[in-house]
$ cat input02.pdb   # PDB, C-alpha atoms, pLDDT in the B column
ATOM      1  CA  PRO A  15      -2.311 -32.540   7.876  1.00 45.00           C
ATOM      2  CA  ASP A  16      -6.003 -31.807   7.602  1.00 42.00           C
ATOM      3  CA  PRO A  17      -6.292 -28.589   5.509  1.00 39.00           C
ATOM      4  CA  THR A  18      -9.649 -27.828   7.137  1.00 40.00           C
ATOM      5  CA  ALA A  19      -8.298 -27.973  10.689  1.00 45.00           C
ATOM      6  CA  ALA A  20      -8.091 -24.734  12.656  1.00 46.00           C
ATOM      7  CA  GLU A  21      -4.681 -23.139  13.159  1.00 48.00           C
ATOM      8  CA  THR A  22      -3.167 -23.909  16.579  1.00 49.00           C
ATOM      9  CA  ASP A  23      -0.735 -22.155  18.863  1.00 48.00           C
ATOM     10  CA  GLU A  24       2.286 -24.467  18.884  1.00 49.00           C
ATOM     11  CA  ALA A  25       3.234 -23.460  22.455  1.00 48.00           C
ATOM     12  CA  THR A  26      -0.112 -24.411  23.997  1.00 46.00           C
ATOM     13  CA  ASN A  27      -1.660 -26.633  21.290  1.00 51.00           C
ATOM     14  CA  THR A  28      -4.842 -24.570  21.528  1.00 49.00           C
ATOM     15  CA  PRO A  29      -6.828 -23.310  18.524  1.00 52.00           C
ATOM     16  CA  MET A  30      -5.755 -19.906  17.202  1.00 53.00           C
ATOM     17  CA  PRO A  31      -8.745 -17.525  17.400  1.00 51.00           C
ATOM     18  CA  THR A  32      -9.961 -15.791  14.289  1.00 53.00           C
ATOM     19  CA  PRO A  33      -9.016 -12.122  14.739  1.00 54.00           C
ATOM     20  CA  THR A  34     -11.819  -9.617  14.956  1.00 52.00           C
ATOM     21  CA  ALA A  35     -11.565  -5.912  14.342  1.00 51.00           C
ATOM     22  CA  THR A  36     -12.525  -3.600  17.182  1.00 50.00           C
ATOM     23  CA  LEU A  37     -13.358  -0.824  14.762  1.00 55.00           C
ATOM     24  CA  SER A  38     -16.314  -0.592  12.425  1.00 51.00           C
ATOM     25  CA  PRO A  39     -14.791   1.977  10.108  1.00 61.00           C
ATOM     26  CA  THR A  40     -16.900   4.741   8.727  1.00 57.00           C
ATOM     27  CA  ARG A  41     -15.635   7.635   6.688  1.00 56.00           C
ATOM     28  CA  ASP A  42     -16.572  11.066   5.454  1.00 54.00           C
ATOM     29  CA  PRO A  43     -13.422  12.296   3.722  1.00 45.00           C
ATOM     30  CA  THR A  44     -15.211  15.352   2.328  1.00 46.00           C
ATOM     31  CA  ALA A  45     -15.286  16.812   5.821  1.00 44.00           C
ATOM     32  CA  THR A  46     -11.508  17.010   6.244  1.00 43.00           C
ATOM     33  CA  ALA A  47      -9.725  15.900   3.108  1.00 41.00           C
ATOM     34  CA  THR A  48      -8.003  18.462   0.917  1.00 38.00           C
ATOM     35  CA  ALA A  49      -8.869  18.265  -2.772  1.00 39.00           C
ATOM     36  CA  TRP A  50      -5.902  17.262  -4.926  1.00 36.00           C
ATOM     37  CA  PRO A  51      -5.055  19.985  -7.460  1.00 36.00           C
ATOM     38  CA  THR A  52      -6.088  19.258 -11.028  1.00 35.00           C
ATOM     39  CA  VAL A  53      -3.069  18.439 -13.158  1.00 35.00           C
ATOM     40  CA  THR A  54      -2.904  19.343 -16.827  1.00 36.00           C
ATOM     41  CA  PRO A  55      -0.206  17.200 -18.449  1.00 36.00           C
ATOM     42  CA  GLU A  56       2.331  19.149 -20.454  1.00 38.00           C
ATOM     43  CA  SER A  57       2.835  18.381 -24.122  1.00 38.00           C
ATOM     44  CA  VAL A  58       6.597  17.904 -23.759  1.00 39.00           C
ATOM     45  CA  ALA A  59       8.011  14.397 -23.656  1.00 42.00           C
ATOM     46  CA  PRO A  60       9.338  13.265 -20.255  1.00 40.00           C
ATOM     47  CA  PRO A  61      13.118  13.301 -19.939  1.00 43.00           C
ATOM     48  CA  VAL A  62      15.023  10.148 -20.834  1.00 45.00           C
ATOM     49  CA  ILE A  63      17.124   8.794 -17.978  1.00 42.00           C
ATOM     50  CA  THR A  64      20.524   7.569 -19.145  1.00 44.00           C
ATOM     51  CA  PRO A  65      21.752   4.877 -16.742  1.00 42.00           C
ATOM     52  CA  SER A  66      25.196   5.480 -15.255  1.00 42.00           C
ATOM     53  CA  VAL A  67      25.852   1.720 -15.172  1.00 41.00           C
ATOM     54  CA  ASP A  68      25.287  -1.115 -17.622  1.00 44.00           C
ATOM     55  CA  ILE A  69      21.799  -2.459 -16.857  1.00 40.00           C
ATOM     56  CA  SER A  70      21.835  -5.113 -19.570  1.00 44.00           C
ATOM     57  CA  VAL A  71      22.924  -7.720 -17.014  1.00 44.00           C
ATOM     58  CA  ASP A  72      22.458  -8.250 -13.305  1.00 45.00           C
ATOM     59  CA  ASN A  73      25.934  -7.496 -11.934  1.00 45.00           C
ATOM     60  CA  ALA A  74      25.405  -9.892  -9.030  1.00 52.00           C
ATOM     61  CA  GLY A  75      24.508 -12.969 -11.051  1.00 54.00           C
ATOM     62  CA  GLY A  76      25.296 -12.080 -14.645  1.00 54.00           C
ATOM     63  CA  VAL A  77      21.716 -12.897 -15.634  1.00 54.00           C
ATOM     64  CA  PRO A  78      20.443 -10.869 -18.628  1.00 55.00           C
ATOM     65  CA  LEU A  79      17.518  -8.612 -17.744  1.00 49.00           C
ATOM     66  CA  PRO A  80      14.498  -8.359 -20.061  1.00 51.00           C
ATOM     67  CA  GLU A  81      14.333  -5.408 -22.418  1.00 53.00           C
ATOM     68  CA  ILE A  82      11.849  -2.749 -21.326  1.00 47.00           C
ATOM     69  CA  THR A  83       9.802  -1.080 -24.034  1.00 50.00           C
ATOM     70  CA  PRO A  84       8.191   2.105 -22.634  1.00 47.00           C
ATOM     71  CA  LEU A  85       4.476   2.245 -23.397  1.00 52.00           C
ATOM     72  CA  SER A  86       4.718   5.838 -24.601  1.00 53.00           C
ATOM     73  CA  GLY A  87       7.890   5.324 -26.598  1.00 49.00           C
ATOM     74  CA  ASN A  88       9.376   8.406 -24.901  1.00 56.00           C
ATOM     75  CA  GLY A  89      11.805   6.621 -22.610  1.00 62.00           C
ATOM     76  CA  LEU A  90      11.984   6.325 -18.830  1.00 70.00           C
ATOM     77  CA  MET A  91      11.241   9.115 -16.373  1.00 73.00           C
ATOM     78  CA  GLN A  92      12.809   8.943 -12.932  1.00 77.00           C
ATOM     79  CA  LEU A  93      10.236   9.909 -10.283  1.00 79.00           C
ATOM     80  CA  SER A  94      11.998   9.240  -6.985  1.00 79.00           C
ATOM     81  CA  PHE A  95      15.254  10.667  -5.705  1.00 74.00           C
ATOM     82  CA  GLY A  96      15.225   9.484  -2.100  1.00 69.00           C
ATOM     83  CA  PRO A  97      18.451   9.195  -0.107  1.00 75.00           C
ATOM     84  CA  GLU A  98      17.703   5.547   0.680  1.00 83.00           C
ATOM     85  CA  ARG A  99      15.017   3.147  -0.642  1.00 90.00           C
ATOM     86  CA  ASP A 100      11.794   4.100  -2.456  1.00 90.00           C
ATOM     87  CA  TYR A 101       8.955   1.550  -2.653  1.00 88.00           C
ATOM     88  CA  THR A 102       5.288   0.900  -3.486  1.00 90.00           C
ATOM     89  CA  PRO A 103       4.359   3.679  -5.954  1.00 91.00           C
ATOM     90  CA  ALA A 104       0.667   4.400  -6.574  1.00 93.00           C
ATOM     91  CA  PHE A 105      -0.859   6.551  -9.321  1.00 92.00           C
ATOM     92  CA  SER A 106      -3.506   9.143  -8.519  1.00 92.00           C
ATOM     93  CA  PRO A 107      -6.780   8.538 -10.419  1.00 92.00           C
ATOM     94  CA  ASP A 108      -6.075  11.486 -12.735  1.00 88.00           C
ATOM     95  CA  GLN A 109      -2.588  10.030 -13.386  1.00 87.00           C
ATOM     96  CA  GLY A 110      -1.030  13.383 -12.556  1.00 87.00           C
ATOM     97  CA  ARG A 111       0.886  12.235  -9.490  1.00 89.00           C
ATOM     98  CA  VAL A 112       2.517   9.201  -7.952  1.00 92.00           C
ATOM     99  CA  VAL A 113       2.767   8.734  -4.189  1.00 94.00           C
ATOM    100  CA  TYR A 114       5.307   6.272  -2.826  1.00 93.00           C
ATOM    101  CA  SER A 115       7.032   5.219   0.399  1.00 93.00           C
ATOM    102  CA  SER A 116      10.530   6.639   0.817  1.00 92.00           C
ATOM    103  CA  GLU A 117      13.015   5.705   3.527  1.00 92.00           C
ATOM    104  CA  ILE A 118      14.270   9.019   4.907  1.00 90.00           C
ATOM    105  CA  ASP A 119      16.590   8.960   7.938  1.00 90.00           C
ATOM    106  CA  SER A 120      15.527   5.340   8.562  1.00 92.00           C
ATOM    107  CA  VAL A 121      11.814   6.268   8.685  1.00 93.00           C
ATOM    108  CA  TRP A 122       9.327   5.416   5.930  1.00 94.00           C
ATOM    109  CA  GLN A 123       7.597   8.601   4.741  1.00 93.00           C
ATOM    110  CA  LEU A 124       5.111   9.338   1.956  1.00 94.00           C
ATOM    111  CA  VAL A 125       6.388  11.383  -0.973  1.00 92.00           C
ATOM    112  CA  ALA A 126       4.412  12.691  -3.956  1.00 92.00           C
ATOM    113  CA  ALA A 127       5.944  13.119  -7.416  1.00 89.00           C
ATOM    114  CA  ASP A 128       4.524  15.037 -10.383  1.00 86.00           C
ATOM    115  CA  VAL A 129       4.377  13.046 -13.601  1.00 84.00           C
ATOM    116  CA  ASN A 130       3.454  15.976 -15.852  1.00 74.00           C
ATOM    117  CA  GLY A 131       6.963  16.464 -17.140  1.00 62.00           C
ATOM    118  CA  THR A 132       8.466  18.357 -14.203  1.00 69.00           C
ATOM    119  CA  GLY A 133       9.310  15.433 -11.919  1.00 68.00           C
ATOM    120  CA  ALA A 134       8.896  17.681  -8.857  1.00 81.00           C
ATOM    121  CA  THR A 135       8.560  15.845  -5.528  1.00 85.00           C
ATOM    122  CA  SER A 136       7.114  16.836  -2.166  1.00 88.00           C
ATOM    123  CA  GLN A 137       7.208  14.997   1.158  1.00 91.00           C
ATOM    124  CA  ILE A 138       3.688  14.722   2.599  1.00 92.00           C
ATOM    125  CA  THR A 139       4.408  13.010   5.945  1.00 93.00           C
ATOM    126  CA  SER A 140       7.091  13.633   8.554  1.00 91.00           C
ATOM    127  CA  GLY A 141       8.109  12.663  12.076  1.00 91.00           C
ATOM    128  CA  SER A 142       9.093   9.290  13.551  1.00 92.00           C
ATOM    129  CA  THR A 143       6.024   7.309  12.372  1.00 93.00           C
ATOM    130  CA  ASN A 144       6.398   4.926   9.434  1.00 95.00           C
ATOM    131  CA  TYR A 145       3.959   5.007   6.508  1.00 95.00           C
ATOM    132  CA  GLN A 146       4.022   2.334   3.819  1.00 93.00           C
ATOM    133  CA  ALA A 147       2.122   1.002   0.803  1.00 94.00           C
ATOM    134  CA  PRO A 148      -0.078   4.020  -0.119  1.00 94.00           C
ATOM    135  CA  ASP A 149      -3.138   3.472  -2.303  1.00 95.00           C
ATOM    136  CA  PHE A 150      -5.329   6.265  -3.697  1.00 95.00           C
ATOM    137  CA  SER A 151      -9.051   6.348  -3.049  1.00 94.00           C
ATOM    138  CA  PRO A 152     -11.168   6.265  -6.226  1.00 93.00           C
ATOM    139  CA  ASP A 153     -11.784  10.026  -5.916  1.00 93.00           C
ATOM    140  CA  GLY A 154      -8.085  10.782  -5.323  1.00 93.00           C
ATOM    141  CA  ARG A 155      -8.702  12.753  -2.126  1.00 93.00           C
ATOM    142  CA  THR A 156      -7.294  10.259   0.367  1.00 95.00           C
ATOM    143  CA  LEU A 157      -4.831   7.391   0.703  1.00 96.00           C
ATOM    144  CA  LEU A 158      -4.934   4.076   2.472  1.00 96.00           C
ATOM    145  CA  VAL A 159      -1.633   3.370   4.222  1.00 95.00           C
ATOM    146  CA  SER A 160      -0.153   0.898   6.670  1.00 95.00           C
ATOM    147  CA  SER A 161       1.419   2.650   9.667  1.00 94.00           C
ATOM    148  CA  ASP A 162       2.965   1.762  13.024  1.00 93.00           C
ATOM    149  CA  ARG A 163       1.569   4.810  14.835  1.00 89.00           C
ATOM    150  CA  ASN A 164       0.342   2.527  17.658  1.00 85.00           C
ATOM    151  CA  GLU A 165       3.392   0.219  17.709  1.00 83.00           C
ATOM    152  CA  ASP A 166       1.874  -2.583  15.637  1.00 89.00           C
ATOM    153  CA  TRP A 167       0.903  -1.963  12.006  1.00 93.00           C
ATOM    154  CA  ASP A 168      -2.665  -0.832  11.305  1.00 94.00           C
ATOM    155  CA  ILE A 169      -4.498   0.589   8.289  1.00 95.00           C
ATOM    156  CA  TYR A 170      -5.216   4.321   8.205  1.00 95.00           C
ATOM    157  CA  GLU A 171      -6.866   6.726   5.821  1.00 95.00           C
ATOM    158  CA  VAL A 172      -4.840   9.911   5.332  1.00 94.00           C
ATOM    159  CA  ASP A 173      -5.193  13.105   3.323  1.00 94.00           C
ATOM    160  CA  SER A 174      -3.472  12.656  -0.046  1.00 93.00           C
ATOM    161  CA  VAL A 175      -2.059  16.199  -0.049  1.00 91.00           C
ATOM    162  CA  ASN A 176      -0.815  16.841   3.492  1.00 91.00           C
ATOM    163  CA  GLY A 177      -0.786  13.364   5.061  1.00 92.00           C
ATOM    164  CA  ALA A 178      -3.186  14.305   7.875  1.00 92.00           C
ATOM    165  CA  ILE A 179      -4.821  11.313   9.580  1.00 93.00           C
ATOM    166  CA  ILE A 180      -8.525  11.073   8.721  1.00 93.00           C
ATOM    167  CA  ALA A 181      -9.373   7.744  10.345  1.00 92.00           C
ATOM    168  CA  GLN A 182      -7.832   4.599  11.804  1.00 92.00           C
ATOM    169  CA  LEU A 183      -9.541   1.768   9.921  1.00 93.00           C
ATOM    170  CA  THR A 184      -8.198  -1.395  11.589  1.00 91.00           C
ATOM    171  CA  ASP A 185      -7.114  -2.307  15.110  1.00 89.00           C
ATOM    172  CA  MET A 186      -6.611  -6.068  15.126  1.00 89.00           C
ATOM    173  CA  PRO A 187      -4.141  -8.151  17.151  1.00 89.00           C
ATOM    174  CA  GLY A 188      -1.014  -8.439  15.014  1.00 89.00           C
ATOM    175  CA  ASP A 189      -0.174  -6.394  11.949  1.00 92.00           C
ATOM    176  CA  GLU A 190      -2.304  -5.208   9.031  1.00 92.00           C
ATOM    177  CA  TYR A 191      -0.591  -4.110   5.847  1.00 90.00           C
ATOM    178  CA  HIS A 192      -0.763  -3.788   2.015  1.00 92.00           C
ATOM    179  CA  PRO A 193      -4.199  -2.105   1.841  1.00 94.00           C
ATOM    180  CA  HIS A 194      -5.943  -1.566  -1.484  1.00 94.00           C
ATOM    181  CA  TRP A 195      -9.257   0.109  -2.182  1.00 94.00           C
ATOM    182  CA  LEU A 196     -12.154  -1.749  -3.692  1.00 93.00           C
ATOM    183  CA  PRO A 197     -12.892  -0.085  -7.050  1.00 93.00           C
ATOM    184  CA  ASP A 198     -16.262   1.288  -5.889  1.00 92.00           C
ATOM    185  CA  GLY A 199     -14.788   2.775  -2.686  1.00 92.00           C
ATOM    186  CA  THR A 200     -17.058   0.727  -0.375  1.00 91.00           C
ATOM    187  CA  GLY A 201     -14.150  -0.928   1.420  1.00 93.00           C
ATOM    188  CA  PHE A 202     -10.639  -2.256   1.083  1.00 94.00           C
ATOM    189  CA  VAL A 203      -8.639  -5.476   1.016  1.00 93.00           C
ATOM    190  CA  PHE A 204      -5.588  -5.982   3.234  1.00 94.00           C
ATOM    191  CA  SER A 205      -3.199  -8.579   4.650  1.00 91.00           C
ATOM    192  CA  TRP A 206      -2.925  -9.577   8.306  1.00 91.00           C
ATOM    193  CA  MET A 207      -0.189 -11.419  10.229  1.00 88.00           C
ATOM    194  CA  GLN A 208       0.246 -12.702  13.799  1.00 86.00           C
ATOM    195  CA  ASN A 209       2.341 -15.546  15.250  1.00 86.00           C
ATOM    196  CA  ASP A 210       3.303 -16.887  11.809  1.00 82.00           C
ATOM    197  CA  VAL A 211      -0.363 -17.071  10.750  1.00 85.00           C
ATOM    198  CA  GLU A 212      -1.318 -14.870   7.803  1.00 88.00           C
ATOM    199  CA  ALA A 213      -4.632 -13.993   6.195  1.00 89.00           C
ATOM    200  CA  ILE A 214      -6.288 -11.713   3.658  1.00 90.00           C
ATOM    201  CA  TYR A 215      -9.418  -9.757   4.545  1.00 91.00           C
ATOM    202  CA  VAL A 216     -11.934  -7.428   2.994  1.00 92.00           C
ATOM    203  CA  GLN A 217     -13.213  -4.664   5.286  1.00 92.00           C
ATOM    204  CA  TYR A 218     -16.419  -2.919   4.208  1.00 92.00           C
ATOM    205  CA  PHE A 219     -16.982   0.570   5.595  1.00 89.00           C
ATOM    206  CA  GLY A 220     -19.571   0.426   8.350  1.00 83.00           C
ATOM    207  CA  GLY A 221     -20.041  -3.276   7.705  1.00 82.00           C
ATOM    208  CA  ALA A 222     -18.548  -6.738   7.626  1.00 88.00           C
ATOM    209  CA  LEU A 223     -14.956  -7.897   7.988  1.00 89.00           C
ATOM    210  CA  VAL A 224     -14.618 -10.888   5.641  1.00 89.00           C
ATOM    211  CA  GLU A 225     -11.737 -13.361   5.818  1.00 88.00           C
ATOM    212  CA  LEU A 226     -10.816 -14.631   2.348  1.00 87.00           C
ATOM    213  CA  VAL A 227      -7.865 -16.933   3.011  1.00 86.00           C
ATOM    214  CA  ARG A 228      -5.788 -17.987   6.040  1.00 85.00           C
ATOM    215  CA  SER A 229      -2.694 -20.164   6.440  1.00 83.00           C
ATOM    216  CA  THR A 230       0.826 -20.378   7.835  1.00 82.00           C
ATOM    217  CA  ALA A 231       2.207 -19.429   4.408  1.00 75.00           C
ATOM    218  CA  PHE A 232       2.853 -15.855   3.342  1.00 79.00           C
ATOM    219  CA  GLU A 233      -0.398 -14.337   2.106  1.00 76.00           C
ATOM    220  CA  GLY A 234      -0.006 -10.806   0.821  1.00 78.00           C
ATOM    221  CA  PHE A 235      -0.037  -8.172  -1.887  1.00 82.00           C
ATOM    222  CA  ALA A 236      -3.776  -8.648  -2.450  1.00 86.00           C
ATOM    223  CA  TRP A 237      -5.182  -6.532  -5.271  1.00 84.00           C
ATOM    224  CA  PRO A 238      -8.829  -6.316  -6.427  1.00 88.00           C
ATOM    225  CA  SER A 239      -9.738  -6.705 -10.073  1.00 88.00           C
ATOM    226  CA  PRO A 240     -11.061  -3.552 -11.799  1.00 89.00           C
ATOM    227  CA  ASP A 241     -14.645  -4.799 -11.459  1.00 86.00           C
ATOM    228  CA  GLY A 242     -14.139  -5.732  -7.775  1.00 85.00           C
ATOM    229  CA  GLN A 243     -15.285  -9.315  -8.342  1.00 87.00           C
ATOM    230  CA  GLN A 244     -11.917 -11.046  -7.903  1.00 87.00           C
ATOM    231  CA  ILE A 245      -8.785 -10.569  -5.827  1.00 86.00           C
ATOM    232  CA  ALA A 246      -5.291 -11.607  -6.874  1.00 84.00           C
ATOM    233  CA  PHE A 247      -2.661 -12.218  -4.191  1.00 85.00           C
ATOM    234  CA  TYR A 248       0.710 -13.784  -3.535  1.00 81.00           C
ATOM    235  CA  SER A 249       0.958 -16.977  -1.493  1.00 80.00           C
ATOM    236  CA  GLY A 250       4.041 -18.955  -0.587  1.00 74.00           C
TER     237      GLY A 250
END

$ encode --input "input02.pdb" --output "structure tokens"
Amino acid sequence: PDPTAAETDEATNTPMPTPTATLSPTRDPTATATAWPTVTPESVAPPVITPSVDISVDNAGGVPLPEITPLSGNGLMQLSFGPERDYTPAFSPDQGRVVYSSEIDSVWQLVAADVNGTGATSQITSGSTNYQAPDFSPDGRTLLVSSDRNEDWDIYEVDSVNGAIIAQLTDMPGDEYHPHWLPDGTGFVFSWMQNDVEAIYVQYFGGALVELVRSTAFEGFAWPSPDGQQIAFYSG
């Protein structure tokens, strides 16, 4: 097949249109966002978690797992204690907290955990709406999340303390997910999917929506480099 050919709808054999966003997102988080409390790390070492099962092998396949050497040398610290699954943790810029998605009563909520030695957690969203893949803004005041508030999945900016919606940032046909801030805060990268076609975009606040890659393969988990000049992603 011609790799330069446009994607087509198999049912009608007509070209698939390039999605366009109906929003031109702008933001002023200082107007509504709550400042995250300053965290002063304690001098005590984090507690060491002693596994209740043998984790030297994968019980399902008997495949040895690699040894993990903690960077601090102080052992592992358990941060999540959800009743079901906990995914996609993100550090706050001051490294005092981690926010992650936690499946609670079959709904994905955002939960914050202290990493200053206490391990305290607090749920920052509630209700029947799902929130996934949080990512802190460079100033730590807000989070980008993917949410199904309007049935399909769109990108939102929410308060990093109380989960309040600040702005809906995408509204494209299909689903938008896995958002990550550009390092300078001028926009974000995200994945998009519709009818088995997937793509990765950069959305600049108040500006252009740029398509970076598009195919019928899985294109996701895009992450900008620290200088914002490159983007790594998974494809397959």

$ residues_around --input "input02.pdb" --residues "Ala246 (chain A)" --least-positions-apart "5" --cutoff "10 Å" --atoms "only C-alpha atoms" --output "list in words"
Gly234, Phe235, Ala236, Trp237, Pro238 and Ser239 of chain A

$ residues_around --input "input02.pdb" --residues "Ile118 (chain A)" --least-positions-apart "4" --cutoff "7 Å" --atoms "all atoms listed in the file" --output "ChimeraX atom specification"
/A:97-98,122-123

$ atom_distance --input "input02.pdb" --atom1 "CA of Glu190 (chain A)" --atom2 "CA of Gln109 (chain A)"
27.1 Å

$ residues_around --input "input02.pdb" --residues "region 142-150 of chain A" --least-positions-apart "5" --cutoff "9 Å" --atoms "all atoms listed in the file" --output "PDB file with C-alpha atoms, in the coordinates of the input"
ATOM      1  CA  TYR A 101       8.955   1.550  -2.653  1.00 88.00           C
ATOM      2  CA  THR A 102       5.288   0.900  -3.486  1.00 90.00           C
ATOM      3  CA  PRO A 103       4.359   3.679  -5.954  1.00 91.00           C
ATOM      4  CA  ALA A 104       0.667   4.400  -6.574  1.00 93.00           C
ATOM      5  CA  PHE A 105      -0.859   6.551  -9.321  1.00 92.00           C
ATOM      6  CA  SER A 106      -3.506   9.143  -8.519  1.00 92.00           C
ATOM      7  CA  PRO A 107      -6.780   8.538 -10.419  1.00 92.00           C
ATOM      8  CA  VAL A 113       2.767   8.734  -4.189  1.00 94.00           C
ATOM      9  CA  TYR A 114       5.307   6.272  -2.826  1.00 93.00           C
ATOM     10  CA  SER A 115       7.032   5.219   0.399  1.00 93.00           C
ATOM     11  CA  SER A 116      10.530   6.639   0.817  1.00 92.00           C
ATOM     12  CA  GLU A 117      13.015   5.705   3.527  1.00 92.00           C
ATOM     13  CA  VAL A 121      11.814   6.268   8.685  1.00 93.00           C
ATOM     14  CA  TRP A 122       9.327   5.416   5.930  1.00 94.00           C
ATOM     15  CA  GLN A 123       7.597   8.601   4.741  1.00 93.00           C
ATOM     16  CA  LEU A 124       5.111   9.338   1.956  1.00 94.00           C
ATOM     17  CA  ARG A 155      -8.702  12.753  -2.126  1.00 93.00           C
ATOM     18  CA  THR A 156      -7.294  10.259   0.367  1.00 95.00           C
ATOM     19  CA  LEU A 157      -4.831   7.391   0.703  1.00 96.00           C
ATOM     20  CA  LEU A 158      -4.934   4.076   2.472  1.00 96.00           C
ATOM     21  CA  VAL A 159      -1.633   3.370   4.222  1.00 95.00           C
ATOM     22  CA  SER A 160      -0.153   0.898   6.670  1.00 95.00           C
ATOM     23  CA  SER A 161       1.419   2.650   9.667  1.00 94.00           C
ATOM     24  CA  ASP A 162       2.965   1.762  13.024  1.00 93.00           C
ATOM     25  CA  ARG A 163       1.569   4.810  14.835  1.00 89.00           C
ATOM     26  CA  SER A 174      -3.472  12.656  -0.046  1.00 93.00           C
ATOM     27  CA  TYR A 191      -0.591  -4.110   5.847  1.00 90.00           C
ATOM     28  CA  HIS A 192      -0.763  -3.788   2.015  1.00 92.00           C
ATOM     29  CA  PRO A 193      -4.199  -2.105   1.841  1.00 94.00           C
ATOM     30  CA  HIS A 194      -5.943  -1.566  -1.484  1.00 94.00           C
ATOM     31  CA  TRP A 195      -9.257   0.109  -2.182  1.00 94.00           C
TER      32      TRP A 195
END

$ closest_residue --input "input02.pdb" --among "A:Asp166, A:Leu196, A:Arg111, A:Glu225" --to "Val129 (chain A)" --atoms "all atoms listed in the file"
A:Arg111

$ axis_aligned_box --input "input02.pdb" --around "region 125-129 of chain A" --padding-each-side "6 Å" --output "JSON"
{"center_x": 5.4, "center_y": 13.2, "center_z": -7.3, "size_x": 14.0, "size_y": 15.7, "size_z": 24.6}

$ atom_distance --input "input02.pdb" --atom1 "CA of Trp167 (chain A)" --atom2 "CA of Ser136 (chain A)"
24.3 Å

$ residues_around --input "input02.pdb" --residues "region 205-216 of chain A" --least-positions-apart "2" --cutoff "9 Å" --atoms "only C-alpha atoms" --output "PDB file with C-alpha atoms, in the frame of the given file"
ATOM      1  CA  GLU A  21      -4.681 -23.139  13.159  1.00 48.00           C
ATOM      2  CA  ASP A  23      -0.735 -22.155  18.863  1.00 48.00           C
ATOM      3  CA  MET A  30      -5.755 -19.906  17.202  1.00 53.00           C
ATOM      4  CA  MET A 186      -6.611  -6.068  15.126  1.00 89.00           C
ATOM      5  CA  PRO A 187      -4.141  -8.151  17.151  1.00 89.00           C
ATOM      6  CA  GLY A 188      -1.014  -8.439  15.014  1.00 89.00           C
ATOM      7  CA  ASP A 189      -0.174  -6.394  11.949  1.00 92.00           C
ATOM      8  CA  GLU A 190      -2.304  -5.208   9.031  1.00 92.00           C
ATOM      9  CA  TYR A 191      -0.591  -4.110   5.847  1.00 90.00           C
ATOM     10  CA  HIS A 192      -0.763  -3.788   2.015  1.00 92.00           C
ATOM     11  CA  PRO A 193      -4.199  -2.105   1.841  1.00 94.00           C
ATOM     12  CA  LEU A 196     -12.154  -1.749  -3.692  1.00 93.00           C
ATOM     13  CA  GLY A 201     -14.150  -0.928   1.420  1.00 93.00           C
ATOM     14  CA  PHE A 202     -10.639  -2.256   1.083  1.00 94.00           C
ATOM     15  CA  VAL A 203      -8.639  -5.476   1.016  1.00 93.00           C
ATOM     16  CA  TYR A 218     -16.419  -2.919   4.208  1.00 92.00           C
ATOM     17  CA  ALA A 222     -18.548  -6.738   7.626  1.00 88.00           C
ATOM     18  CA  LEU A 223     -14.956  -7.897   7.988  1.00 89.00           C
ATOM     19  CA  VAL A 224     -14.618 -10.888   5.641  1.00 89.00           C
ATOM     20  CA  GLU A 225     -11.737 -13.361   5.818  1.00 88.00           C
ATOM     21  CA  LEU A 226     -10.816 -14.631   2.348  1.00 87.00           C
ATOM     22  CA  VAL A 227      -7.865 -16.933   3.011  1.00 86.00           C
ATOM     23  CA  ARG A 228      -5.788 -17.987   6.040  1.00 85.00           C
ATOM     24  CA  SER A 229      -2.694 -20.164   6.440  1.00 83.00           C
ATOM     25  CA  THR A 230       0.826 -20.378   7.835  1.00 82.00           C
ATOM     26  CA  ALA A 231       2.207 -19.429   4.408  1.00 75.00           C
ATOM     27  CA  PHE A 232       2.853 -15.855   3.342  1.00 79.00           C
ATOM     28  CA  GLU A 233      -0.398 -14.337   2.106  1.00 76.00           C
ATOM     29  CA  GLY A 234      -0.006 -10.806   0.821  1.00 78.00           C
ATOM     30  CA  PHE A 235      -0.037  -8.172  -1.887  1.00 82.00           C
ATOM     31  CA  ALA A 236      -3.776  -8.648  -2.450  1.00 86.00           C
ATOM     32  CA  PHE A 247      -2.661 -12.218  -4.191  1.00 85.00           C
TER      33      PHE A 247
END

$ residues_around --input "input02.pdb" --residues "Ser94 (chain A)" --least-positions-apart "6" --cutoff "9 Å" --atoms "all atoms listed in the file" --output "ChimeraX atom specification"
/A:100,114,116,125-127,133,135

$ closest_residue --input "input02.pdb" --among "A:Gln243, A:Ile138, A:Ser120, A:Thr184" --to "Gln217 (chain A)" --atoms "all atoms listed in the file"
A:Thr184

$ atom_distance --input "input02.pdb" --atom1 "CA of Gly221 (chain A)" --atom2 "CA of Asp108 (chain A)"
28.8 Å

$ closest_residue --input "input02.pdb" --among "A:Val112, A:Gly154, A:Asp198, A:Gly220" --to "Leu183 (chain A)" --atoms "all atoms listed in the file"
A:Gly220

$ decode --input "input02.pdb" --residues "region 202-206 of chain A" --atoms "N, CA and C atoms" --output "tab-separated table (two decimals), in the first residue's frame"
chain	number	residue	atom	x	y	z
A	202	PHE	N	0.07	21.26	24.78
A	202	PHE	CA	0.16	19.88	25.25
A	202	PHE	C	0.10	18.93	24.06
A	203	VAL	N	0.63	17.74	24.26
A	203	VAL	CA	0.58	16.67	23.26
A	203	VAL	C	-0.44	15.65	23.73
A	204	PHE	N	-1.14	15.01	22.79
A	204	PHE	CA	-2.14	14.02	23.17
A	204	PHE	C	-2.35	13.04	22.02
A	205	SER	N	-3.02	11.93	22.32
A	205	SER	CA	-3.37	10.93	21.32
A	205	SER	C	-4.84	11.04	20.97
A	206	TRP	N	-5.17	10.65	19.75
A	206	TRP	CA	-6.55	10.70	19.25
A	206	TRP	C	-6.87	9.39	18.55
